[in-house]
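Please read the structure below before turning to the comments.
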Amino acid sequence: MVQAENVHKAFGSVEVLKGIDLTVKAGEVCCVLGPSGSGKSTFLRCVNHLEKINAGWIRVDGDLIGYREYGGKLHEMREKEVAAQRRAIGMVFQRFNLFPHMTALDNVVEAPVRVLRERRATVRERAAALLDRVGLGDKLGSYPGQLSGGQQQRVAIARALAMQPKLMLFDEPTSALDPELVGEVLDVMKDLARDGMTMIVVTHEIGFAREVGDSLVFMDDGVVVESGEPREMIANPRHERTRAFLDKVL
Ligand code: ADP
Ligand code: MG
């Protein structure tokens, strides 16, 4: 579902991604771990072309992201085409960014109606079902300000799912939450994984990586230092940098 090869990204003269290779099969959960500043968020942003890459390529479900190949070269797509690709890729951030003046239901309904031009009545039904699925069936009419951080993040997940994506990207979805609210969000993600959603999850929740991840990638300083089967890698990291990082977070 996701195939990244030799992805390079620089901001000015600072090289942030130095040749990332990563593969995620359909229905699998890939967890990404690494110290702050190692390029995790930048990589996720490259996967939906919120950042242009300087070299390499990324395919999602077979399609090159952000570029078209002809005449033996890659040509950047127009913003409109990129937007169309992005619709199939859901993204959940550390900060939920819900519309504060809209109810939970309307937050979930908004994008499919505006972007996909779906009928509001149809989307409302799907949105209500999604909110029920994330455990918020009784909060359809609540405003973000009336919800806890964990509830808001679950609305954000439902909002991403309303677009019926084939891939979900999570960027430290529980990092901004009080510890007692982390579990309810991870449970929703677990449920999604069980349901067969392909996911890339940047997280420091080692328990989640171990239990739910099909693969684990450790990034440091813009490279993939090590990747493998999560339980094996957590128990027996092969690289000193991975070991040092795991010692800190475990
Ligand atoms: P992580 O998510 O692993 O903490 P990031 O991908 O956010 O790391 O950042 C990697 C590096 O890229 C950092 O040094 C950060 O300062 C830099 N960076 C990220 N975005 C930008 C940007 N828009 N302009 C300049 N530098 C950036
Ligand atoms: Mg980050």
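To be explicit about the labels: the chains of the structure tokens are called A, B, and onward in the order shown, and within each one the residues are counted from 1, while ligands get numbers from 1 in the order they are shown.
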
Distance table requested - chain A against ligand 1, cut-off 7 Å, only C-alpha atoms and all ligand atoms: one row per qualifying residue with the closest atom pair and its distance in Å to one decimal, ordered by chain and rising residue number, as JSON lines.
{"residue": "A:Phe11", "atom": "CA", "partner": "ligand 1", "partner_atom_place_in_ligand_line": "25 (C)", "distance": 4.9}
{"residue": "A:Val16", "atom": "CA", "partner": "ligand 1", "partner_atom_place_in_ligand_line": "12 (O)", "distance": 5.1}
{"residue": "A:Gly34", "atom": "CA", "partner": "ligand 1", "partner_atom_place_in_ligand_line": "3 (O)", "distance": 6.3}
{"residue": "A:Pro35", "atom": "CA", "partner": "ligand 1", "partner_atom_place_in_ligand_line": "3 (O)", "distance": 6.0}
{"residue": "A:Ser36", "atom": "CA", "partner": "ligand 1", "partner_atom_place_in_ligand_line": "4 (O)", "distance": 3.5}
{"residue": "A:Gly37", "atom": "CA", "partner": "ligand 1", "partner_atom_place_in_ligand_line": "8 (O)", "distance": 3.5}
{"residue": "A:Ser38", "atom": "CA", "partner": "ligand 1", "partner_atom_place_in_ligand_line": "3 (O)", "distance": 3.9}
{"residue": "A:Gly39", "atom": "CA", "partner": "ligand 1", "partner_atom_place_in_ligand_line": "6 (O)", "distance": 3.2}
{"residue": "A:Lys40", "atom": "CA", "partner": "ligand 1", "partner_atom_place_in_ligand_line": "3 (O)", "distance": 3.8}
{"residue": "A:Ser41", "atom": "CA", "partner": "ligand 1", "partner_atom_place_in_ligand_line": "2 (O)", "distance": 3.7}
{"residue": "A:Thr42", "atom": "CA", "partner": "ligand 1", "partner_atom_place_in_ligand_line": "6 (O)", "distance": 3.7}
{"residue": "A:Phe43", "atom": "CA", "partner": "ligand 1", "partner_atom_place_in_ligand_line": "6 (O)", "distance": 6.4}

Residue subset to file, keeping C-alpha atoms, as a CSV table (one decimal), in the first residue's frame:
chain,number,residue,atom,x,y,z
A,11,PHE,CA,14.8,22.6,4.1
A,16,VAL,CA,16.2,16.3,7.1
A,34,GLY,CA,12.6,8.0,17.0
A,35,PRO,CA,13.9,11.0,18.8
A,36,SER,CA,12.5,14.5,18.4
A,37,GLY,CA,13.9,16.1,15.2
A,38,SER,CA,14.7,12.8,13.5
A,39,GLY,CA,12.3,13.6,10.6
A,40,LYS,CA,9.3,11.5,11.5
A,41,SER,CA,6.7,14.2,10.9
A,42,THR,CA,8.4,15.4,7.8
A,43,PHE,CA,8.3,11.9,6.4

Would you pick out the contacts of Met168 (chain A) at 9 Å or less, using only C-alpha atoms, so that residues sharing its chain but fewer than 5 positions from it are not included, and give the list as a VMD selection string? chain A and resid 88 to 92 160 to 161 197 to 201

Residues of region 96-186 of chain A in helix (DSSP H, G or I) according to DSSP, as a PyMOL selection string? chain A and resi 104-114+120-133+144-146+149-161+179-186

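For Pro179 (chain A), the residues within 12 Å (counting only C-alpha atoms, excluding itself and residues fewer than 5 positions away along the chain) are Gly149, Gly150, Thr174, Glu184, Val185, Leu186 and Glu205 of chain A.
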
Include N, CA and C atoms and write out the residues we just selected as a compact mmCIF listing (two decimals), in the first residue's frame.
# COMPACT_ATOMS: atom_id res chain seq x y z
N GLY A 149 -9.80 16.01 25.77
CA GLY A 149 -8.80 15.85 24.71
C GLY A 149 -8.93 14.51 24.02
N GLY A 150 -9.15 13.46 24.80
CA GLY A 150 -9.27 12.12 24.22
C GLY A 150 -10.49 12.00 23.33
N THR A 174 -1.31 10.67 20.52
CA THR A 174 -1.64 10.71 21.96
C THR A 174 -0.68 11.59 22.76
N GLU A 184 -7.95 5.39 25.64
CA GLU A 184 -9.19 5.39 24.85
C GLU A 184 -8.91 5.67 23.37
N VAL A 185 -7.87 6.49 23.12
CA VAL A 185 -7.51 6.78 21.72
C VAL A 185 -6.78 5.58 21.10
N LEU A 186 -5.88 5.00 21.87
CA LEU A 186 -5.17 3.81 21.37
C LEU A 186 -6.15 2.67 21.10
N GLU A 205 4.42 5.19 22.08
CA GLU A 205 3.72 4.18 22.88
C GLU A 205 4.25 2.80 22.50

Based on DSSP run over this structure's backbone, return all residues of region 39-206 of chain A in strand (DSSP E), as a ChimeraX atom specification. /A:55-60,63-64,67-70,73-76,89-92,167-171,198-202

Can you work out the spacing between CA of Thr122 (chain A) and CA of Gly137 (chain A) in Å, to one decimal?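 CA of Gly137 (chain A) lies 17.0 Å from CA of Thr122 (chain A).
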
Enter the distance from CA of Arg126 (chain A) to CA of Thr203 (chain A), in Å, rounded to one decimal.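 It comes out at 28.3 Å.
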
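Atom pair CA of Ser142 (chain A) / CA of Thr103 (chain A) has a distance of 5.2 Å (rounded to one decimal).
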
If we count only C-alpha atoms, what is near Leu216 (chain A) at a cut-off of 6 Å, once residues fewer than 5 positions away on the same chain are taken out, given as a list of chain:residue names? A:Cys30, A:Cys31, A:Val32, A:Ser227, A:Gly228, A:Pro230

Which of these residues is nearest to ligand 2, using only C-alpha atoms and all ligand atoms: A:Ala176, A:Ala26, A:Leu147, A:Leu250? A:Ala176
